[in-house]
Amino acid sequence: MHDPIPFLDLVTPHEDMTEELVAVFRDALRTGRFIGGPAVEDFESEFATFCGTRFCVGVGSGTDALRFALIAAGVAPGSIVVTVPNTFIATTEAISQAGAQTHFIDIDEWTYTMDAKKLKEYLETQCVIDSQTGKTIHRRSQRPVSAVIPVHLYGQTADMDPISMLAEHYNLVVIEDACQAHGAMYFSRNDDRWKKAGSLGRAAAFSFYPGKNLGACGEAGAVTTDDEELARKVRVLRDHGQRKKYYHDMEGYNGRLDAIQAGILSVKLRRLPGWNEERRQLARCYNELFSAQERIIIPREPPWSRGVYHLYVIRTQRRDELQAFLAERNITTGLHYPVPLHLQKAYAGTPGLVTSLSVSERTAAEIISLPLFPGMTALQQVRVADALKEFATLCLDKLEKPALANLATRTSWTPGMPNRRARERYHLARD
Ligand SMILES: Cc1ncc(COP(=O)(O)O)c(C=O)c1O
């Protein structure tokens with residue numbers, strides 16, 4: 001049996017910086033500064049510079065960052081926030097916890113990020129701009145639509161220009177979910193320049209969960225923004241609504257970034273550009289190794305994108321068999337994400353299903369994330385590629401043409417279908 005190939009390696013990358021990381025802890029012990037203080041302020045200023053924004057506010061997690069950004073941007077309880085269903089549940093948890101309701105928009109088949117055409121269709125056919133207030137109102141529910149959260153999935157930004165233009169026309173706030181996209185670049189045709197994830201909306205949320213491209217040694221997150229007032233509100237929200245100790249302007253949360261995590265993140269931020277470049281190189285290598293595999297769809301990077309490959313996700317019709325096949329060969333893979341959010345039990349009976357989400361449903365059944373992490377060796381990549389080739393010869397080459405992308409046209413949604421029935425049909429089709 002071959003050595004195991006892990007999905008990611010959280011041990012080796014820390015080895016050559018152990019001394020620097022331990023020094024952060026020693027410093028906290030020496031000064032007694034565990035919450036707030038210069039370590040947090042320094043990291044905030046370094047990460048704002050990295051993202052090209054005026055402000056960064058450190059918080060307890062990516063979920064905190066999303067929730068605080070929504071509240072600080074003025075998303076009112078009872079309003080609607082639009083996002084995609086193929087994301088981690090934190091995106092929609094934050095919407096619900098801000099008191100708003102989620103409406104889902106389908107994704108683009110090739111980038112797995114929000115399809116601006118579908119967003120346009122939703123806004124044009126289901127919403128109207130109130131001539132008195134300028135607010136966008138969802139016709140059927142009569143609720144205001146207040147914000148849109150594009151998710152920069154797998155390390156690649158959504159196509160932000162058309163989304164931003166729609167948001168401007170319909171008076172919606174754009175909050176980026178950049179939790180998987182530290183350092184990802186987007187070429188804005190509107191601004192005629194490359195911009196970083198985190199600087200593409202009114203505010204952005206980052207997670208520093210340990211497995212992220214920039215990961216803490218525990219929980220951490222941040223909001224980036226150019227909006228001074230929004231940054232100020234997030235600072236108040238993360239600290240129990242207090243601007244000054246024990247003077248509470250409002251109720252807030254315990255959502256601070258602690259000083260040890262901030263110090264650790266500063267040490268690791270210096271290495272992030274190198275790690276991201278390594279991830280891009282590993283992705284290029286995989287692309288070349290898989291170039292002869294007709295029935296495997298590799299990640300696509302449109303000309304406007306320079307992704308940072310938080311995950312390397314391929315698509316194949318026999319996904320579950322492939323995962324088992326690789327597991328037998330000691331290769332660990334992941335599924336991001338196997339069940340789209342509108343079909344999760346947590347959302348049974350919620351009225352968020354107002355558009356067809358067939359692309360999200362279809363891709364959820366076909367995607368598989370392969371091992372990719374800084375420090376992965378060429379030998380490990382070749383072993384993954386060889387196993388995949390063996391699987392293709394045994395299982396995929398027998399599949400009839402036409403090409404994979406055209407085969408799956410099943411749609412499980414019809415207008416007015418409640419979530420429960422859509423979910424049953426989805427799971428039946430999958431079993
Ligand atoms: C797309 C996305 N959004 C939000 C989050 C939430 O971040 P955290 O786990 O730090 O709360 C994550 C983290 O997994 C994520 O991947």
# chains A, B, ... in the order shown; residues from 1 in each chain; ligands from 1
call {"tool": "residues_around", "arguments": {"residues": "Gln180 (chain A)", "least_positions_apart": "4", "cutoff": "8 Å", "atoms": "only C-alpha atoms", "output": "list in words"}}
result
His152, Leu153, Tyr154, Gly155, Phe206, Ser207, Lys212, Asn213 and His310 of chain A
call {"tool": "closest_atom_pairs", "arguments": {"of": "chain A", "to": "ligand 1", "cutoff": "8 Å", "atoms": "only C-alpha atoms and all ligand atoms", "output": "CSV"}}
result
residue,atom,partner,partner_atom_place_in_ligand_line,distance
A:Gly60,CA,ligand 1,10 (O),7.6
A:Ser61,CA,ligand 1,10 (O),3.9
A:Gly62,CA,ligand 1,7 (O),3.4
A:Thr63,CA,ligand 1,11 (O),3.7
A:Asp64,CA,ligand 1,11 (O),6.4
A:Ala65,CA,ligand 1,11 (O),7.8
A:Leu66,CA,ligand 1,4 (C),7.4
A:Thr87,CA,ligand 1,1 (C),5.3
A:Phe88,CA,ligand 1,2 (C),5.0
A:Ile89,CA,ligand 1,4 (C),7.1
A:Ala90,CA,ligand 1,4 (C),4.7
A:Thr91,CA,ligand 1,3 (N),5.1
A:Val151,CA,ligand 1,1 (C),6.1
A:His152,CA,ligand 1,1 (C),7.1
A:Leu153,CA,ligand 1,1 (C),6.2
A:Asp177,CA,ligand 1,3 (N),5.9
A:Ala178,CA,ligand 1,1 (C),6.8
A:Cys179,CA,ligand 1,2 (C),4.8
A:Gln180,CA,ligand 1,16 (O),5.4
A:Ala205,CA,ligand 1,4 (C),7.8
A:Phe206,CA,ligand 1,7 (O),7.1
A:Ser207,CA,ligand 1,10 (O),4.0
A:Phe208,CA,ligand 1,10 (O),5.7
A:Tyr209,CA,ligand 1,10 (O),4.9
A:Lys212,CA,ligand 1,14 (O),7.8
A:Glu219,CA,ligand 1,10 (O),6.2
A:Ala220,CA,ligand 1,10 (O),6.0
A:Gly221,CA,ligand 1,10 (O),5.7
call {"tool": "residues_around", "arguments": {"residues": "His103 (chain A)", "least_positions_apart": "4", "cutoff": "8 Å", "atoms": "only C-alpha atoms", "output": "list in words"}}
result
Ile80, Val81, Val82, Thr83, Pro351, Gly352, Leu353 and Val354 of chain A
call {"tool": "write_last_selection", "arguments": {"atoms": "C-alpha atoms", "output": "CSV table (one decimal), in the first residue's frame"}}
result
chain,number,residue,atom,x,y,z
A,80,ILE,CA,-34.1,39.6,1.4
A,81,VAL,CA,-30.4,38.9,0.7
A,82,VAL,CA,-29.5,37.1,-2.5
A,83,THR,CA,-26.8,34.5,-2.7
A,351,PRO,CA,-39.4,30.0,1.1
A,352,GLY,CA,-36.0,30.7,-0.5
A,353,LEU,CA,-36.7,28.6,-3.6
A,354,VAL,CA,-37.8,31.2,-6.0
call {"tool": "residues_around", "arguments": {"residues": "region 191-199 of chain A", "least_positions_apart": "5", "cutoff": "6 Å", "atoms": "only C-alpha atoms", "output": "NGL selection string"}}
result
:A and (51 or 53 or 184-186 or 204 or 224)
call {"tool": "residues_around", "arguments": {"residues": "Ala72 (chain A)", "least_positions_apart": "2", "cutoff": "8 Å", "atoms": "only C-alpha atoms", "output": "VMD selection string"}}
result
chain A and resid 68 to 70 74 to 75 230 to 231 233 to 234
call {"tool": "write_last_selection", "arguments": {"atoms": "N, CA and C atoms", "output": "JSON list (two decimals), in the first residue's frame"}}
result
[["chain", "number", "residue", "atom", "x", "y", "z"],
["A", 68, "PHE", "N", -21.59, 40.47, 10.73],
["A", 68, "PHE", "CA", -21.34, 41.87, 11.10],
["A", 68, "PHE", "C", -21.38, 42.78, 9.87],
["A", 69, "ALA", "N", -20.81, 42.30, 8.76],
["A", 69, "ALA", "CA", -20.80, 43.13, 7.55],
["A", 69, "ALA", "C", -22.23, 43.41, 7.09],
["A", 70, "LEU", "N", -23.08, 42.39, 7.14],
["A", 70, "LEU", "CA", -24.47, 42.58, 6.72],
["A", 70, "LEU", "C", -25.18, 43.59, 7.62],
["A", 74, "GLY", "N", -26.38, 47.82, 6.96],
["A", 74, "GLY", "CA", -27.76, 48.29, 7.05],
["A", 74, "GLY", "C", -28.80, 47.30, 6.53],
["A", 75, "VAL", "N", -28.41, 46.03, 6.39],
["A", 75, "VAL", "CA", -29.39, 45.03, 5.96],
["A", 75, "VAL", "C", -30.44, 44.89, 7.06],
["A", 230, "LEU", "N", -18.85, 51.92, 7.98],
["A", 230, "LEU", "CA", -19.12, 50.47, 8.10],
["A", 230, "LEU", "C", -18.07, 49.81, 8.98],
["A", 231, "ALA", "N", -16.81, 50.18, 8.79],
["A", 231, "ALA", "CA", -15.73, 49.62, 9.61],
["A", 231, "ALA", "C", -15.95, 49.96, 11.08],
["A", 233, "LYS", "N", -18.79, 50.53, 12.58],
["A", 233, "LYS", "CA", -19.91, 49.74, 13.10],
["A", 233, "LYS", "C", -19.48, 48.30, 13.39],
["A", 234, "VAL", "N", -18.66, 47.74, 12.52],
["A", 234, "VAL", "CA", -18.20, 46.36, 12.75],
["A", 234, "VAL", "C", -17.37, 46.30, 14.04]]
call {"tool": "residues_around", "arguments": {"residues": "Lys118 (chain A)", "least_positions_apart": "6", "cutoff": "8 Å", "atoms": "only C-alpha atoms", "output": "JSON, numbers by chain"}}
result
{"A": [105, 106, 107]}
call {"tool": "write_last_selection", "arguments": {"atoms": "C-alpha atoms", "output": "PDB file, in the first residue's frame"}}
result
ATOM      1  CA  ILE A 105     -29.650  32.405  -7.452  1.00  0.00           C
ATOM      2  CA  ASP A 106     -28.067  29.675  -9.579  1.00  0.00           C
ATOM      3  CA  ILE A 107     -24.383  29.487 -10.466  1.00  0.00           C
TER       4      ILE A 107
END
call {"tool": "atom_distance", "arguments": {"atom1": "CA of Val57 (chain A)", "atom2": "CA of Val24 (chain A)"}}
result
19.8 Å
call {"tool": "select_by_dssp", "arguments": {"residues": "region 161-343 of chain A", "states": "strand (DSSP E or B)", "output": "ChimeraX atom specification"}}
result
/A:173-177,185-188,193-196,203-207,221-225,239,242-244,247-248,254,256,258,297,305-306,312-315,331,334
call {"tool": "closest_residue", "arguments": {"among": "A:Gln132, A:Gln126, A:Thr355, A:Ser79", "to": "Val148 (chain A)", "atoms": "only C-alpha atoms"}}
result
A:Ser79
call {"tool": "closest_residue", "arguments": {"among": "A:Val384, A:Ile298, A:Ala348, A:Leu272", "to": "Ile367 (chain A)", "atoms": "only C-alpha atoms"}}
result
A:Ile298
call {"tool": "atom_distance", "arguments": {"atom1": "CA of Leu372 (chain A)", "atom2": "CA of Trp275 (chain A)"}}
result
11.2 Å
call {"tool": "atom_distance", "arguments": {"atom1": "CA of Leu379 (chain A)", "atom2": "CA of Arg329 (chain A)"}}
result
14.3 Å
call {"tool": "residues_around", "arguments": {"residues": "Leu172 (chain A)", "least_positions_apart": "3", "cutoff": "8 Å", "atoms": "only C-alpha atoms", "output": "JSON, numbers by chain"}}
result
{"A": [136, 145, 146, 147, 148, 167, 168, 169]}
call {"tool": "select_by_dssp", "arguments": {"residues": "region 41-194 of chain A", "states": "helix (DSSP H, G or I)", "output": "PyMOL selection string"}}
result
chain A and resi 41-51+62-72+90-97+116-126+153-155+160-169
call {"tool": "write_last_selection", "arguments": {"atoms": "C-alpha atoms", "output": "PDB file, in the first residue's frame"}}
result
ATOM      1  CA  GLU A  41      -4.064  46.545  14.997  1.00  0.00           C
ATOM      2  CA  ASP A  42      -0.884  45.584  13.127  1.00  0.00           C
ATOM      3  CA  PHE A  43      -2.510  42.599  11.469  1.00  0.00           C
ATOM      4  CA  GLU A  44      -5.573  44.660  10.523  1.00  0.00           C
ATOM      5  CA  SER A  45      -3.412  47.256   8.843  1.00  0.00           C
ATOM      6  CA  GLU A  46      -1.268  44.620   7.045  1.00  0.00           C
ATOM      7  CA  PHE A  47      -4.296  42.702   5.769  1.00  0.00           C
ATOM      8  CA  ALA A  48      -6.030  45.898   4.592  1.00  0.00           C
ATOM      9  CA  THR A  49      -2.870  46.735   2.604  1.00  0.00           C
ATOM     10  CA  PHE A  50      -2.763  43.185   1.219  1.00  0.00           C
ATOM     11  CA  CYS A  51      -6.380  43.453   0.006  1.00  0.00           C
ATOM     12  CA  GLY A  62     -15.684  34.175   8.851  1.00  0.00           C
ATOM     13  CA  THR A  63     -19.261  33.689  10.025  1.00  0.00           C
ATOM     14  CA  ASP A  64     -18.912  36.682  12.367  1.00  0.00           C
ATOM     15  CA  ALA A  65     -17.422  38.677   9.498  1.00  0.00           C
ATOM     16  CA  LEU A  66     -20.390  37.958   7.222  1.00  0.00           C
ATOM     17  CA  ARG A  67     -22.968  38.633   9.933  1.00  0.00           C
ATOM     18  CA  PHE A  68     -21.344  41.869  11.105  1.00  0.00           C
ATOM     19  CA  ALA A  69     -20.802  43.126   7.548  1.00  0.00           C
ATOM     20  CA  LEU A  70     -24.474  42.577   6.718  1.00  0.00           C
ATOM     21  CA  ILE A  71     -25.706  44.313   9.873  1.00  0.00           C
ATOM     22  CA  ALA A  72     -23.221  47.172   9.564  1.00  0.00           C
ATOM     23  CA  ALA A  90     -22.144  29.986   7.149  1.00  0.00           C
ATOM     24  CA  THR A  91     -23.118  32.284   4.254  1.00  0.00           C
ATOM     25  CA  THR A  92     -26.827  31.740   4.828  1.00  0.00           C
ATOM     26  CA  GLU A  93     -26.527  31.365   8.597  1.00  0.00           C
ATOM     27  CA  ALA A  94     -25.166  34.910   8.653  1.00  0.00           C
ATOM     28  CA  ILE A  95     -28.097  36.137   6.553  1.00  0.00           C
ATOM     29  CA  SER A  96     -30.652  34.500   8.884  1.00  0.00           C
ATOM     30  CA  GLN A  97     -28.790  35.699  11.995  1.00  0.00           C
ATOM     31  CA  ALA A 116     -25.050  37.371 -13.187  1.00  0.00           C
ATOM     32  CA  LYS A 117     -27.553  36.542 -15.939  1.00  0.00           C
ATOM     33  CA  LYS A 118     -29.673  34.610 -13.448  1.00  0.00           C
ATOM     34  CA  LEU A 119     -29.422  37.460 -10.948  1.00  0.00           C
ATOM     35  CA  LYS A 120     -30.611  39.852 -13.679  1.00  0.00           C
ATOM     36  CA  GLU A 121     -33.503  37.577 -14.554  1.00  0.00           C
ATOM     37  CA  TYR A 122     -34.536  37.338 -10.885  1.00  0.00           C
ATOM     38  CA  LEU A 123     -34.418  41.111 -10.418  1.00  0.00           C
ATOM     39  CA  GLU A 124     -36.226  41.842 -13.693  1.00  0.00           C
ATOM     40  CA  THR A 125     -38.962  39.255 -13.416  1.00  0.00           C
ATOM     41  CA  GLN A 126     -39.581  38.959  -9.676  1.00  0.00           C
ATOM     42  CA  LEU A 153     -15.686  29.808  -4.305  1.00  0.00           C
ATOM     43  CA  TYR A 154     -12.616  27.540  -4.378  1.00  0.00           C
ATOM     44  CA  GLY A 155     -10.309  30.584  -4.547  1.00  0.00           C
ATOM     45  CA  MET A 160     -18.104  41.017 -10.211  1.00  0.00           C
ATOM     46  CA  ASP A 161     -18.598  43.707 -12.901  1.00  0.00           C
ATOM     47  CA  PRO A 162     -22.066  42.630 -14.049  1.00  0.00           C
ATOM     48  CA  ILE A 163     -23.093  41.830 -10.449  1.00  0.00           C
ATOM     49  CA  SER A 164     -21.928  45.269  -9.244  1.00  0.00           C
ATOM     50  CA  MET A 165     -23.723  47.044 -12.104  1.00  0.00           C
ATOM     51  CA  LEU A 166     -26.978  45.243 -11.288  1.00  0.00           C
ATOM     52  CA  ALA A 167     -26.505  45.993  -7.594  1.00  0.00           C
ATOM     53  CA  GLU A 168     -26.039  49.667  -8.367  1.00  0.00           C
ATOM     54  CA  HIS A 169     -29.127  49.815 -10.563  1.00  0.00           C
TER      55      HIS A 169
END
call {"tool": "closest_residue", "arguments": {"among": "A:Ile260, A:Ala364, A:Leu265, A:Ala324", "to": "Pro340 (chain A)", "atoms": "only C-alpha atoms"}}
result
A:Ala364
call {"tool": "closest_residue", "arguments": {"among": "A:Arg280, A:Lys345, A:Arg232, A:Lys398", "to": "Pro374 (chain A)", "atoms": "only C-alpha atoms"}}
result
A:Arg280
call {"tool": "closest_residue", "arguments": {"among": "A:Ala387, A:Cys127, A:Leu370, A:Val236", "to": "Pro299 (chain A)", "atoms": "only C-alpha atoms"}}
result
A:Leu370
call {"tool": "closest_residue", "arguments": {"among": "A:Thr332, A:Thr377, A:Gly255, A:Arg54", "to": "Cys285 (chain A)", "atoms": "only C-alpha atoms"}}
result
A:Thr377
